[in-house]
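Colleague: target13.cif is reproduced in full below (mmCIF, C-alpha atoms).
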```cif
data_start
loop_
_atom_site.label_atom_id
_atom_site.label_comp_id
_atom_site.auth_asym_id
_atom_site.auth_seq_id
_atom_site.Cartn_x
_atom_site.Cartn_y
_atom_site.Cartn_z
CA MET A 1 -21.97 20.58 -9.41
CA SER A 2 -20.87 17.47 -11.28
CA ALA A 3 -17.18 16.77 -11.78
CA GLU A 4 -17.98 15.19 -15.15
CA PRO A 5 -16.94 17.25 -18.16
CA ARG A 6 -19.58 18.46 -20.59
CA ILE A 7 -19.89 16.32 -23.69
CA ASN A 8 -21.66 16.57 -27.04
CA ASP A 9 -24.92 18.56 -26.93
CA ARG A 10 -24.33 19.58 -23.29
CA ILE A 11 -21.61 21.94 -24.50
CA ARG A 12 -23.16 25.44 -24.75
CA VAL A 13 -20.69 27.75 -26.49
CA PRO A 14 -20.67 29.18 -30.04
CA GLU A 15 -17.19 27.88 -30.91
CA VAL A 16 -14.45 25.65 -29.51
CA ARG A 17 -10.74 25.03 -29.93
CA LEU A 18 -10.83 21.50 -31.31
CA VAL A 19 -8.29 18.74 -30.74
CA GLY A 20 -8.52 15.68 -32.98
CA PRO A 21 -8.67 12.04 -31.84
CA SER A 22 -4.88 11.63 -32.23
CA GLY A 23 -4.07 14.85 -30.38
CA GLU A 24 -3.69 16.97 -33.51
CA GLN A 25 -4.73 20.63 -33.33
CA VAL A 26 -7.71 21.27 -35.61
CA GLY A 27 -8.13 24.90 -34.54
CA ILE A 28 -11.06 27.08 -33.59
CA VAL A 29 -14.27 25.86 -35.18
CA PRO A 30 -18.01 26.50 -34.66
CA LEU A 31 -19.62 24.13 -32.15
CA ALA A 32 -21.91 22.77 -34.87
CA LYS A 33 -18.88 21.82 -37.00
CA ALA A 34 -17.19 20.13 -34.03
CA LEU A 35 -20.31 18.07 -33.33
CA GLU A 36 -20.53 17.14 -37.00
CA LEU A 37 -16.92 15.88 -36.96
CA ALA A 38 -17.65 13.89 -33.80
CA GLN A 39 -20.49 12.09 -35.60
CA GLU A 40 -18.30 11.40 -38.62
CA TYR A 41 -15.62 9.80 -36.46
CA ASP A 42 -18.24 8.05 -34.30
CA LEU A 43 -16.69 9.70 -31.24
CA ASP A 44 -17.72 12.10 -28.50
CA LEU A 45 -16.95 15.80 -28.29
CA VAL A 46 -15.54 16.28 -24.79
CA GLU A 47 -14.81 19.63 -23.15
CA VAL A 48 -11.34 19.26 -21.60
CA ALA A 49 -10.60 22.90 -20.68
CA GLU A 50 -13.80 24.79 -19.96
CA ASN A 51 -12.05 27.94 -18.67
CA ALA A 52 -10.07 28.51 -21.87
CA ARG A 53 -11.32 31.11 -24.36
CA PRO A 54 -12.72 29.49 -26.38
CA PRO A 55 -13.08 26.22 -24.43
CA VAL A 56 -10.88 23.33 -25.58
CA CYS A 57 -12.71 20.23 -26.74
CA LYS A 58 -11.35 16.89 -27.90
CA LEU A 59 -12.75 14.11 -30.04
CA MET A 60 -12.57 10.82 -28.10
CA ASP A 61 -14.41 7.67 -27.07
CA TYR A 62 -15.58 9.02 -23.73
CA GLY A 63 -16.79 5.67 -22.40
CA LYS A 64 -13.40 4.07 -23.10
CA PHE A 65 -11.64 7.09 -21.60
CA LYS A 66 -13.63 6.83 -18.36
CA TYR A 67 -12.95 3.08 -18.10
CA GLU A 68 -9.19 3.46 -18.61
CA SER A 69 -9.06 6.34 -16.12
CA ALA A 70 -10.87 4.24 -13.51
CA MET A 71 -8.47 1.31 -14.06
CA LYS A 72 -5.43 3.58 -13.66
CA ALA A 73 -6.82 5.04 -10.45
CA ARG A 74 -7.55 1.56 -9.13
CA GLU A 75 -4.00 0.41 -9.92
CA ALA A 76 -2.56 3.50 -8.23
CA ARG A 77 -4.57 2.76 -5.06
CA LYS A 78 -3.46 -0.87 -5.20
CA ASN A 79 0.20 0.12 -5.32
CA GLN A 80 -0.12 2.85 -2.72
CA ALA A 81 2.01 2.09 0.32
CA HIS A 82 0.63 2.82 3.79
CA THR A 83 2.96 3.01 6.75
CA VAL A 84 1.84 0.47 9.34
CA ILE A 85 3.17 0.15 12.88
CA LYS A 86 2.87 -3.32 14.36
CA GLU A 87 3.25 -3.89 18.08
CA MET A 88 5.03 -6.66 19.95
CA LYS A 89 4.90 -7.00 23.76
CA LEU A 90 7.51 -8.83 25.80
CA ARG A 91 8.34 -9.40 29.47
CA PRO A 92 11.84 -8.72 30.84
CA LYS A 93 12.33 -12.35 31.86
CA ILE A 94 10.86 -13.90 28.72
CA ASP A 95 11.28 -17.64 28.12
CA PRO A 96 13.79 -18.48 25.31
CA HIS A 97 11.11 -20.28 23.27
CA ASP A 98 8.71 -17.35 23.60
CA TYR A 99 11.50 -14.97 22.62
CA ASP A 100 12.18 -16.91 19.45
CA THR A 101 8.47 -16.88 18.62
CA LYS A 102 8.16 -13.14 19.18
CA LYS A 103 11.34 -12.49 17.21
CA GLY A 104 9.89 -14.51 14.35
CA HIS A 105 6.90 -12.18 14.24
CA VAL A 106 9.15 -9.12 14.27
CA VAL A 107 11.14 -10.59 11.37
CA ARG A 108 7.93 -11.15 9.41
CA PHE A 109 6.72 -7.60 10.02
CA LEU A 110 10.03 -6.07 8.95
CA LYS A 111 10.10 -8.21 5.81
CA GLN A 112 6.68 -6.80 4.95
CA GLY A 113 8.11 -3.28 5.20
CA ASP A 114 6.26 -2.41 8.42
CA LYS A 115 7.59 -0.65 11.49
CA VAL A 116 7.48 -2.54 14.78
CA LYS A 117 6.88 -1.03 18.21
CA ILE A 118 8.50 -3.22 20.85
CA THR A 119 7.08 -2.84 24.35
CA ILE A 120 8.74 -4.34 27.44
CA MET A 121 6.18 -4.63 30.25
CA PHE A 122 7.51 -4.42 33.83
CA ARG A 123 5.53 -5.74 36.78
CA GLY A 124 6.12 -5.52 40.49
CA ARG A 125 9.79 -5.60 41.44
CA GLU A 126 10.78 -5.74 37.78
CA GLN A 127 10.27 -1.98 37.66
CA SER A 128 13.43 -1.52 39.70
CA ARG A 129 15.46 -3.37 37.02
CA PRO A 130 15.02 -1.32 33.84
CA GLU A 131 18.39 -2.56 32.57
CA LEU A 132 16.79 -5.98 31.98
CA GLY A 133 14.39 -4.45 29.48
CA TYR A 134 17.10 -2.35 27.86
CA ARG A 135 19.35 -5.37 27.33
CA LEU A 136 16.46 -7.37 25.89
CA LEU A 137 15.64 -4.61 23.40
CA GLN A 138 19.27 -4.30 22.37
CA ARG A 139 19.47 -8.06 21.88
CA LEU A 140 16.36 -8.06 19.69
CA ALA A 141 17.65 -5.14 17.62
CA GLU A 142 20.93 -6.99 17.02
CA ASP A 143 19.12 -10.21 16.08
CA VAL A 144 17.12 -8.46 13.33
CA GLN A 145 19.68 -5.86 12.24
CA ASP A 146 19.79 -7.35 8.71
CA LEU A 147 16.10 -6.48 8.29
CA GLY A 148 15.61 -3.38 10.42
CA PHE A 149 17.19 -0.61 12.43
CA ILE A 150 16.44 1.24 15.66
CA GLU A 151 14.26 4.16 14.62
CA SER A 152 13.40 5.21 18.16
CA ASN A 153 15.81 4.34 20.98
CA PRO A 154 14.51 2.55 24.10
CA LYS A 155 12.78 4.89 26.51
CA GLN A 156 10.81 4.44 29.70
CA ASP A 157 7.08 5.10 29.54
CA GLY A 158 5.52 4.46 32.94
CA ARG A 159 5.71 0.72 33.61
CA ASN A 160 6.81 0.03 30.06
CA MET A 161 9.95 0.52 27.99
CA ILE A 162 9.41 1.18 24.30
CA MET A 163 11.59 0.95 21.21
CA VAL A 164 10.60 1.31 17.54
CA LEU A 165 12.28 -0.68 14.77
CA GLY A 166 12.12 0.55 11.18
CA PRO A 167 12.51 -1.74 8.14
CA HIS A 168 15.43 -1.39 5.76
CA LYS A 169 13.05 -2.37 2.95
CA LYS A 170 10.46 0.13 1.77
CA LYS A 171 6.80 -0.88 1.88
CA THR A 172 6.49 -0.59 -1.89
CA GLU A 173 9.44 -2.96 -2.38
CA ALA A 174 7.94 -5.49 0.04
CA MET A 175 4.60 -5.34 -1.79
CA ALA A 176 6.32 -5.83 -5.16
CA GLU A 177 8.24 -8.86 -3.87
CA ALA A 178 5.05 -10.34 -2.42
CA ARG A 179 3.32 -10.02 -5.82
CA GLN A 180 6.31 -11.61 -7.57
CA ALA A 181 6.24 -14.51 -5.12
CA GLN A 182 2.52 -15.01 -5.75
CA GLU A 183 3.06 -14.99 -9.52
CA ALA A 184 5.91 -17.48 -9.12
CA ARG A 185 3.63 -19.84 -7.19
CA LYS A 186 0.99 -19.63 -9.92
CA ALA A 187 3.61 -20.31 -12.60
CA ASP A 188 4.90 -23.28 -10.62
CA ALA A 189 1.38 -24.68 -10.32
CA LYS A 190 0.92 -24.47 -14.10
CA ALA A 191 4.29 -26.09 -14.72
CA HIS A 192 3.42 -29.03 -12.46
CA PRO A 193 -0.04 -30.38 -13.40
CA GLY A 194 0.11 -32.88 -10.56
CA ARG A 195 -0.06 -30.05 -8.10
CA SER A 196 -3.56 -28.60 -7.99
CA GLN A 197 -4.21 -24.92 -8.43
CA ASN A 198 -6.22 -24.98 -5.22
CA ALA A 199 -3.18 -26.12 -3.29
CA ALA A 200 -1.10 -23.28 -4.72
CA GLU A 201 -3.77 -20.72 -3.88
CA ALA A 202 -4.15 -22.13 -0.37
CA GLU A 203 -0.44 -21.69 0.14
CA GLY A 204 -0.67 -18.08 -1.02
CA SER A 205 -3.61 -17.32 1.27
CA ALA A 206 -1.73 -18.80 4.20
CA ASP A 207 1.06 -16.29 3.60
CA VAL A 208 -1.47 -13.46 3.60
CA GLU A 209 -3.24 -14.64 6.77
CA ALA A 210 -0.06 -15.29 8.71
CA PRO A 211 0.61 -11.61 9.55
CA ALA A 212 -2.92 -11.22 10.91
CA GLU A 213 -2.41 -14.23 13.19
CA ALA A 214 0.96 -12.90 14.22
CA GLN A 215 -0.52 -9.52 15.05
CA ALA A 216 -3.21 -11.15 17.18
CA GLU A 217 -0.55 -13.05 19.12
CA ALA A 218 1.56 -9.92 19.36
CA SER A 219 -1.24 -8.13 21.15
CA ALA A 220 -1.29 -10.79 23.87
CA ASP A 221 0.99 -10.50 26.89
CA ALA A 222 4.19 -12.48 26.76
#
```
As structure tokens, please, write out the structure in this file.

Modeller:
Amino acid sequence: MSAEPRINDRIRVPEVRLVGPSGEQVGIVPLAKALELAQEYDLDLVEVAENARPPVCKLMDYGKFKYESAMKAREARKNQAHTVIKEMKLRPKIDPHDYDTKKGHVVRFLKQGDKVKITIMFRGREQSRPELGYRLLQRLAEDVQDLGFIESNPKQDGRNMIMVLGPHKKKTEAMAEARQAQEARKADAKAHPGRSQNAAEAEGSADVEAPAEAQAEASADA
């Protein structure tokens, strides 16, 4: 069965409760009269409550109604926030430069409103020194405490030690800020003719691609 409502001559009832184009209640009228009014207004007669007795029908521009409904649904999907868990892997004896790089990725993920799963990988004799991993996780949590918090405390999982950081900022807030930043870049490009629009867009795309590159690096062993 189609989810589309019945309209115009597809409506098969003797009478309907009619609602006018502005939402006013016309009352119960014969179907023929309702169709006649629809033609006069150059609108469609749309059945909006088929289970009512008699069915409720409304005069409207059905094509415009469908278009606006589709746009609203599209905007709702666009603004829908999905919880994403990124992963970052580190070694207990990580090099200071590598640590700063990994921390930078964690900062970026938290700013985007994503959770981050931190995994410390122990090898060989390192497995007898779990305190090294614990201290490293605590250090990382303290370094990013302005952006995130410990959602799941460090725990041993075989050869690994795992901790989950949650963002202070909600995903929807991060998405809104990202859109505002993009709009600000476009406005700046218009305000400065010497700066090409292509350059501004390239800058924006770089911001979008950066997390993907960071995630790829995050998946690699420290």

Colleague: Taking the file as shown, what set of residues would the PyMOL selection byres ((chain A and resi 94-100) around 12) give back, as an NGL selection string?

Modeller: :A and (88-93 or 101-107 or 120-122 or 132-133 or 136-137 or 139-140 or 143-144 or 217-218 or 220-222)

Colleague: Hey, what's within 7 Å of A:Cys57 if we count all atoms listed in the file and toss same-chain stuff fewer than 6 positions away? As an MDAnalysis selection string, please?

Modeller: chainID A and resid 16:19 45:49

Colleague: Using all atoms listed in the file, pick whichever of A:Val29, A:Met71, A:Ile118, A:Val84 has the shortest atom-to-atom distance to A:Ile162.

Modeller: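 Closest residue, counting all atoms listed in the file: A:Ile118.
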
Colleague: Can you work out the spacing between atom CA of A:Arg179 and atom CA of A:Lys117 in Å, to one decimal?

Modeller: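 Separation of atom CA of A:Arg179 and atom CA of A:Lys117: 25.9 Å.
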
Colleague: Under the rule that only C-alpha atoms are counted, which of A:Val116, A:Ile7, A:Ala187, A:Ala38 is the nearest residue to A:Leu147?

Modeller: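 Selected residue with least distance to A:Leu147: A:Val116.
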
Colleague: Quick one, how far is atom CA of A:Arg108 from atom CA of A:Gln127?

Modeller: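 Calculated distance between atom CA of A:Arg108 and atom CA of A:Gln127 is 29.8 Å.
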
Colleague: When the PyMOL selection byres ((chain A and resi 161) around 8) is applied to the file above, which residues end up in the set, as a list in words?

Modeller: Thr119, Ile120, Met121, Pro130, Gly133, Tyr134, Pro154, Lys155, Gln156, Asp157, Gly158, Arg159, Asn160, Ile162 and Met163 of chain A

Colleague: Name every residue that the PyMOL selection byres ((chain A and resi 8) around 12) selects in this structure, writing the answer as a PyMOL selection string with chains first and numbers rising.

Modeller: chain A and resi 5-7+9-13+16+31-39+42-48+57-62

Colleague: Keeping C-alpha atoms, export the residues of the selection given above as a tab-separated table (two decimals), in the coordinates of the input.

Modeller:
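Okay, this is what ended up in out-v4.tsv:
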```tsv
chain	number	residue	atom	x	y	z
A	5	PRO	CA	-16.94	17.25	-18.16
A	6	ARG	CA	-19.58	18.46	-20.59
A	7	ILE	CA	-19.89	16.32	-23.69
A	9	ASP	CA	-24.92	18.56	-26.93
A	10	ARG	CA	-24.33	19.58	-23.29
A	11	ILE	CA	-21.61	21.94	-24.50
A	12	ARG	CA	-23.16	25.44	-24.75
A	13	VAL	CA	-20.69	27.75	-26.49
A	16	VAL	CA	-14.45	25.65	-29.51
A	31	LEU	CA	-19.62	24.13	-32.15
A	32	ALA	CA	-21.91	22.77	-34.87
A	33	LYS	CA	-18.88	21.82	-37.00
A	34	ALA	CA	-17.19	20.13	-34.03
A	35	LEU	CA	-20.31	18.07	-33.33
A	36	GLU	CA	-20.53	17.14	-37.00
A	37	LEU	CA	-16.92	15.88	-36.96
A	38	ALA	CA	-17.65	13.89	-33.80
A	39	GLN	CA	-20.49	12.09	-35.60
A	42	ASP	CA	-18.24	8.05	-34.30
A	43	LEU	CA	-16.69	9.70	-31.24
A	44	ASP	CA	-17.72	12.10	-28.50
A	45	LEU	CA	-16.95	15.80	-28.29
A	46	VAL	CA	-15.54	16.28	-24.79
A	47	GLU	CA	-14.81	19.63	-23.15
A	48	VAL	CA	-11.34	19.26	-21.60
A	57	CYS	CA	-12.71	20.23	-26.74
A	58	LYS	CA	-11.35	16.89	-27.90
A	59	LEU	CA	-12.75	14.11	-30.04
A	60	MET	CA	-12.57	10.82	-28.10
A	61	ASP	CA	-14.41	7.67	-27.07
A	62	TYR	CA	-15.58	9.02	-23.73
```

Colleague: For atom CA of A:Pro14 and atom CA of A:Pro30, quote the distance in Å rounded to one decimal.

Modeller: 6.0 Å

Colleague: Between A:Asp114, A:Asp146, A:Glu40, A:Glu183, which is the closest to A:Ile85 once you count all atoms listed in the file?

Modeller: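 Smallest distance to A:Ile85 is found for A:Asp114.
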
Colleague: Residues at most 10 Å from A:Glu177, counting only C-alpha atoms, excluding those fewer than 5 positions away in the same chain, as an NGL selection string?

Modeller: :A and (111-112 or 171-172 or 182-183)
